[in-house]
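Engineer: Just dropping this structure here.
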Amino acid sequence: RMADGWRWKLDLGRSQELDRIKSIFWVGALGAAVVQINVLVSRFLAYSLDEQGGVSYLFLASRLIELPLGVFAIAISTVLFPELAKAATESDRKNFMGYFFRGFRMTLAVTLPAAVGLALLADPILSVLFQWGQFGPSQVRAASEVLLISSLGLPLYAISAFMVKAFHSQKQMIHPLRAALVSLLANAGFSLWLMQDNGVYGLAWANVLAAFFQTSYLIAKTRDFGFFILWRKRPLFFLPILLSCLVMGGVLYLSNDAFIFPSGKGSDLMRLLLFIPSGILIYFLCCYLNGVPEARGLGRKITKSLPFGDDS
């Protein structure tokens with residue numbers, strides 16, 4: 001017995017609150033399971049291909065895609081989820097959409113340049129990390145093509161994950177579940193079709209198309225949001241972010257042709273050490289000049305931290 005008079009009691013009876021939690025949990029769990037089933041479908045079909053290494057290429061590409069997805073994109077949705085849930089509970093639609101647009105914008109700002117970087121630097125990344133033993137240059141080239149295709153889906157996976165969190169903050173589980181089912185059906189259908197002539201590359205394209213349909217469904221089901229908002233500067237800054245990615249990608253592509261690196265793992269490592277920081281700096285400067293709020297805020301913090309910065 002506690003000092004304030006509270007007594008612990010085991011109650012196995014039904015309650016309205018627990019029933020609601022269970023219903024939300026099972027729908028959410030089923031939606032998450034569909035995503036894993038999607039992955040298993042691609043790998044199962046890859047095993048049926050005659051070409052060697054198809055499963056390995058898909059596996060390596062998915063691991064590299066999940067690095068920026070898990071470290072940055074999922075972190076953004078996890079951090080903003082409490083604020084979204086609080087605004088939804090208080091029926092504060094304006095505040096909710098403010099956090100929603102901010103999270104959407106930050107997700108785009110992180111995953112779009114990451115996708116460009118993975119696509120342009122696929123060969124040296126795979127060479128440095130995985131070119132050992134029997135995994136030689138020919139396997140690196142084949143895997144890099146799969147990674148190039150898979151990188152197109154990175155922003156879609158990230159946006160979809162963030163929007164699922166936004167729906168969950170409103171206790172809306174049906175739309176994410178239906179979107180996952182749409183993704184599953186699209187992935188299965190496109191995989192069976194595209195793998196016939198394109199093999200493992202067709203499976204990679206099927207994953208990207210499935211992510212596109214899933215994201216499109218979630219956007220279509222979001223109130224006060226639509227595809228038309230992408231073409232307005234505020235509040236998403238999609239076009240400035242896209243322009244910054246294109247500038248970064250163009251500079252890296254031209255620099256790759258301008259600099260002549262000797263073949264070998266050491267030169268691939270040098271290329272990554274040169275191009276990755278350079279790409280980040282170019283992208284940040286472009287976003288800053290284009291007025292992306294997060295870039296402007298980070299720029300002010302960096303300026304104030306410098307010896308000649310404003311300490312006020």
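The chains in the structure tokens are called A, B, ... from first to last as shown; in each chain the residues are counted from 1, and the ligands are counted from 1 in the order shown.
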With 9 Å as the cut-off and only C-alpha atoms counted, what is the closest atom pair between each nearby residue of range 132-195 of chain A and range 82-86 of chain A? Distances in Å to one decimal, ordered by chain and number, as a tab-separated table.
Structural biologist:
```
residue	atom	partner	partner_atom	distance
A:Lys165	CA	A:Leu84	CA	8.7
A:Ala166	CA	A:Leu84	CA	6.7
A:His168	CA	A:Ala85	CA	8.1
A:Ser169	CA	A:Ala85	CA	4.3
A:Gln170	CA	A:Ala85	CA	6.4
A:Lys171	CA	A:Ala85	CA	8.7
```
Engineer: Now that the selection is made, can you save its residues with N, CA and C atoms as a PDB file, in the first residue's frame?
Structural biologist:
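Result went into selection28.pdb, see below:
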```
ATOM      1  N   LYS A 165       4.222   8.758 -40.184  1.00  0.00           N
ATOM      2  CA  LYS A 165       4.281   9.302 -38.823  1.00  0.00           C
ATOM      3  C   LYS A 165       3.236  10.397 -38.622  1.00  0.00           C
ATOM      4  N   ALA A 166       3.058  11.240 -39.636  1.00  0.00           N
ATOM      5  CA  ALA A 166       2.070  12.312 -39.531  1.00  0.00           C
ATOM      6  C   ALA A 166       0.665  11.743 -39.391  1.00  0.00           C
ATOM      7  N   HIS A 168      -0.065   8.739 -38.188  1.00  0.00           N
ATOM      8  CA  HIS A 168      -0.134   8.080 -36.886  1.00  0.00           C
ATOM      9  C   HIS A 168      -0.326   9.091 -35.759  1.00  0.00           C
ATOM     10  N   SER A 169       0.259  10.285 -35.895  1.00  0.00           N
ATOM     11  CA  SER A 169       0.084  11.307 -34.861  1.00  0.00           C
ATOM     12  C   SER A 169      -1.368  11.738 -34.738  1.00  0.00           C
ATOM     13  N   GLN A 170      -2.139  11.555 -35.808  1.00  0.00           N
ATOM     14  CA  GLN A 170      -3.571  11.855 -35.794  1.00  0.00           C
ATOM     15  C   GLN A 170      -4.417  10.619 -35.516  1.00  0.00           C
ATOM     16  N   LYS A 171      -3.756   9.507 -35.174  1.00  0.00           N
ATOM     17  CA  LYS A 171      -4.418   8.222 -34.912  1.00  0.00           C
ATOM     18  C   LYS A 171      -5.175   7.725 -36.138  1.00  0.00           C
TER      19      LYS A 171
END
```
Engineer: Which one is closest to Gly53 in chain A: A:Leu252, A:Leu272, A:Leu289, A:Ala143? Count only C-alpha atoms.
Structural biologist: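 Nearest candidate to Gly53 in chain A out of A:Leu252, A:Leu272, A:Leu289, A:Ala143: A:Ala143.
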Engineer: With 9 Å as the cut-off and only C-alpha atoms counted, what is the closest atom pair between each nearby residue of range 31-101 of chain A and range 109-117 of chain A? Distances in Å to one decimal, ordered by chain and number, as JSON lines.
Structural biologist:
```
{"residue": "A:Ile65", "atom": "CA", "partner": "A:Ala115", "partner_atom": "CA", "distance": 8.2}
{"residue": "A:Pro68", "atom": "CA", "partner": "A:Ala114", "partner_atom": "CA", "distance": 7.0}
{"residue": "A:Leu69", "atom": "CA", "partner": "A:Thr111", "partner_atom": "CA", "distance": 7.4}
{"residue": "A:Phe72", "atom": "CA", "partner": "A:Val110", "partner_atom": "CA", "distance": 7.1}
{"residue": "A:Ala73", "atom": "CA", "partner": "A:Thr111", "partner_atom": "CA", "distance": 7.1}
```
Engineer: Expressed in Å to a single decimal, how great is the separation between CA of Ala186 in chain A and CA of Ala119 in chain A?
Structural biologist: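 We find that CA of Ala186 in chain A and CA of Ala119 in chain A lie 23.7 Å from each other.
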Engineer: Which parts of range 110-308 of chain A does DSSP call alpha helix (DSSP H) when run on the backbone here, written out as a PyMOL selection string?
Structural biologist: chain A and resi 110-120+122-130+137-151+154-169+174-198+200-220+238-258+265-289+293-305
Engineer: Using only C-alpha atoms, which of the listed residues (A:Ser127, A:Ser255, A:Ser48, A:Thr222) sits closest to Phe101 in chain A?
Structural biologist: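 Among the listed residues, A:Thr222 lies closest to Phe101 in chain A.
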Engineer: Just how far from CA of Ser191 in chain A is CA of Ala211 in chain A, in Å to one decimal?
Structural biologist: 12.8 Å
Engineer: I'd like the neighbourhood of Cys287 in chain A as a VMD selection string, where a residue qualifies if any of its atoms comes within 7 Å (using only C-alpha atoms), though same-chain residues fewer than 4 positions away should be ignored.
Structural biologist: chain A and resid 240 to 241 244 283 291 to 292 295
Engineer: Would you write out those residues with N, CA and C atoms, as a short mmCIF file (atom, residue, chain, number, x, y, z; two decimals), in the first residue's frame?
Structural biologist:
```
data_model
loop_
_atom_site.label_atom_id
_atom_site.label_comp_id
_atom_site.auth_asym_id
_atom_site.auth_seq_id
_atom_site.Cartn_x
_atom_site.Cartn_y
_atom_site.Cartn_z
N PRO A 240 13.81 25.31 -55.00
CA PRO A 240 15.17 25.71 -54.60
C PRO A 240 16.03 24.53 -54.17
N ILE A 241 15.44 23.58 -53.44
CA ILE A 241 16.19 22.39 -53.02
C ILE A 241 16.59 21.56 -54.24
N SER A 244 19.37 23.29 -56.10
CA SER A 244 20.64 23.12 -55.39
C SER A 244 21.23 21.74 -55.63
N TYR A 283 26.21 22.17 -51.97
CA TYR A 283 24.76 22.07 -51.75
C TYR A 283 24.30 23.04 -50.67
N GLY A 291 17.56 30.64 -50.07
CA GLY A 291 16.66 31.01 -49.00
C GLY A 291 16.01 29.87 -48.26
N VAL A 292 16.54 28.66 -48.34
CA VAL A 292 15.97 27.54 -47.59
C VAL A 292 16.14 27.83 -46.10
N ALA A 295 18.93 26.09 -43.97
CA ALA A 295 20.27 26.49 -44.39
C ALA A 295 20.60 27.89 -43.89
#
```
Engineer: Would you pick out the contacts of Arg43 in chain A at 12 Å or less, using only C-alpha atoms, so that residues sharing its chain but fewer than 6 positions from it are not included, and give the list as a list of chain:residue names?
Structural biologist: A:Gln36, A:Ile37, A:Leu49, A:Gly53, A:Gly54, A:Val55, A:Ser56, A:Tyr57, A:Leu58, A:Phe59, A:Leu60, A:Ser62, A:Asn187, A:Ala188, A:Ser191, A:Val200, A:Leu203, A:Ala204, A:Asn207
Engineer: Determine the nearest neighbour of Leu218 in chain A from the options A:Gly249, A:Gly189, A:Pro176, A:Gly264, counting only C-alpha atoms.
Structural biologist: A:Pro176
